[in-house]
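Chemist: The structure that follows is given in the form of structure tokens.
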Amino acid sequence: MGLCSVCFHLSAEPVCEICRNPNRDNTAICVVADSRDLIALEKTREFKGKYHVLGGVISPIEGIGPEQLTIQALVRRVSQHKPEEVILAISPSVEGETTTLYIGQLLKPFTKVTRIAFGLPVGGDLEYADEVTLARALEGRRELDY
């Protein structure tokens, strides 16, 4: 098992099933911290676009900076493919908020950046949220303003 060369989701193939699927919406990319979050969102059957898996969140205490994550690959992907929207679906922890703000500022020059709405508790993890809560969070996303 390796990582998809496009979105960095776990995949047995060089490009994962989601990225290969021609029926997925190429105009939206949903950014998640890890593959468990992607799987949780897929279970809702609400999001029809593509994904980008960061491989974690920025956490200086744990020695994880932007360079340890797939943030530069995301910026390249967005600047080249110019999706209409990037949805940031990162858990609302302190580290998650830091990561969301950092990525939002990097992507704002290229496209509309939104974040999922939170019916999720602060400090909660996406992978443990029920499907209805996740679906509503996706539906209630809003554009980031800086």
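Residue names in the structure tokens use chain letters A, B, ... in the order shown, residue numbers from 1 in each chain, and ligand numbers from 1 in the order shown.
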Skipping near chain neighbours, those fewer than 3 positions away, what residues fall within 12 Å of Ser5 in chain A using only C-alpha atoms, listed as a PDB file with C-alpha atoms, in the first residue's frame?
Modeler:
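File written: out_33.pdb
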ATOM      1  CA  GLY A   2       1.333   3.391  -0.986  1.00  0.00           C
ATOM      2  CA  PHE A   8      -1.823  11.420  -1.343  1.00  0.00           C
ATOM      3  CA  HIS A   9      -4.698   9.147  -0.229  1.00  0.00           C
ATOM      4  CA  LEU A  10      -3.763   5.552   0.575  1.00  0.00           C
ATOM      5  CA  SER A  11      -3.729   3.558  -2.645  1.00  0.00           C
ATOM      6  CA  ALA A  12      -2.481   0.256  -4.008  1.00  0.00           C
ATOM      7  CA  GLU A  13      -2.180   1.941  -7.426  1.00  0.00           C
ATOM      8  CA  PRO A  14      -0.022   4.938  -8.431  1.00  0.00           C
ATOM      9  CA  VAL A  15      -3.248   6.982  -8.808  1.00  0.00           C
ATOM     10  CA  CYS A  16      -6.148   6.187  -6.460  1.00  0.00           C
ATOM     11  CA  GLU A  17      -9.657   5.165  -7.520  1.00  0.00           C
ATOM     12  CA  ILE A  18     -11.125   8.582  -6.657  1.00  0.00           C
ATOM     13  CA  CYS A  19      -8.578  10.511  -8.744  1.00  0.00           C
ATOM     14  CA  ARG A  20      -9.033   8.083 -11.672  1.00  0.00           C
ATOM     15  CA  TYR A  51      -9.522  15.281  -2.431  1.00  0.00           C
ATOM     16  CA  HIS A  52      -6.107  16.249  -1.148  1.00  0.00           C
ATOM     17  CA  VAL A  53      -4.655  14.514   1.926  1.00  0.00           C
ATOM     18  CA  THR A  70       1.798  17.895   1.286  1.00  0.00           C
ATOM     19  CA  ALA A  73       1.951  19.809  -3.693  1.00  0.00           C
ATOM     20  CA  LEU A  74      -1.537  21.208  -2.973  1.00  0.00           C
ATOM     21  CA  ARG A  77      -2.098  21.380  -7.936  1.00  0.00           C
TER      22      ARG A  77
END
Chemist: Residues at most 7 Å from Gly49 in chain A, counting only C-alpha atoms, excluding those fewer than 4 positions away in the same chain, as an MDAnalysis selection string?
Modeler: chainID A and resid 24:29
Chemist: If you count only C-alpha atoms, which residues fall within 8 Å of Ser91 in chain A, apart from same-chain ones fewer than 4 positions away, as a list in words?
Modeler: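 Selected residues are Ala33, Gly96, Glu97, Val122, Gly123, Gly124, Asp125 and Leu126 of chain A.
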Chemist: Would you put the residues from that selection into a file with C-alpha atoms, as an mmCIF file, in the first residue's frame?
Modeler:
data_model
loop_
_atom_site.group_PDB
_atom_site.id
_atom_site.type_symbol
_atom_site.label_atom_id
_atom_site.label_comp_id
_atom_site.auth_asym_id
_atom_site.auth_seq_id
_atom_site.Cartn_x
_atom_site.Cartn_y
_atom_site.Cartn_z
ATOM 1 C CA ALA A 33 -5.639 15.989 7.284
ATOM 2 C CA GLY A 96 -6.236 22.250 12.665
ATOM 3 C CA GLU A 97 -7.141 25.933 12.824
ATOM 4 C CA VAL A 122 -13.889 21.882 19.022
ATOM 5 C CA GLY A 123 -11.194 19.303 19.628
ATOM 6 C CA GLY A 124 -13.336 16.638 17.918
ATOM 7 C CA ASP A 125 -11.990 14.487 15.095
ATOM 8 C CA LEU A 126 -13.748 14.139 11.752
#
Chemist: I want to know what sits within 10 Å of Ile103 in chain A, based on only C-alpha atoms, with residues of the same chain fewer than 5 positions away left out; could you give that as a VMD selection string?
Modeler: chain A and resid 31 66 71 to 72 74 to 75 88 97 to 98 108 113
Chemist: I need the chosen residues saved as an mmCIF file, in the first residue's frame, with C-alpha atoms.
Modeler:
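selection-v6.cif, freshly written:
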data_model
loop_
_atom_site.group_PDB
_atom_site.id
_atom_site.type_symbol
_atom_site.label_atom_id
_atom_site.label_comp_id
_atom_site.auth_asym_id
_atom_site.auth_seq_id
_atom_site.Cartn_x
_atom_site.Cartn_y
_atom_site.Cartn_z
ATOM 1 C CA VAL A 31 -8.504 19.122 1.727
ATOM 2 C CA PRO A 66 4.300 22.924 6.551
ATOM 3 C CA ILE A 71 0.972 21.615 1.306
ATOM 4 C CA GLN A 72 3.377 22.598 -1.507
ATOM 5 C CA LEU A 74 -1.537 21.208 -2.973
ATOM 6 C CA VAL A 75 -0.489 24.741 -3.940
ATOM 7 C CA LEU A 88 -10.818 22.908 3.901
ATOM 8 C CA GLU A 97 -7.141 25.933 12.824
ATOM 9 C CA THR A 98 -3.501 26.905 12.294
ATOM 10 C CA LYS A 108 -6.605 32.589 -1.761
ATOM 11 C CA VAL A 113 -11.365 28.864 -0.409
#
Chemist: Which residue gives the smallest distance to Cys4 in chain A among A:Gly55, A:Lys82, A:Ser93, A:Phe47, with only C-alpha atoms counted?
Modeler: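 Smallest distance to Cys4 in chain A is found for A:Gly55.
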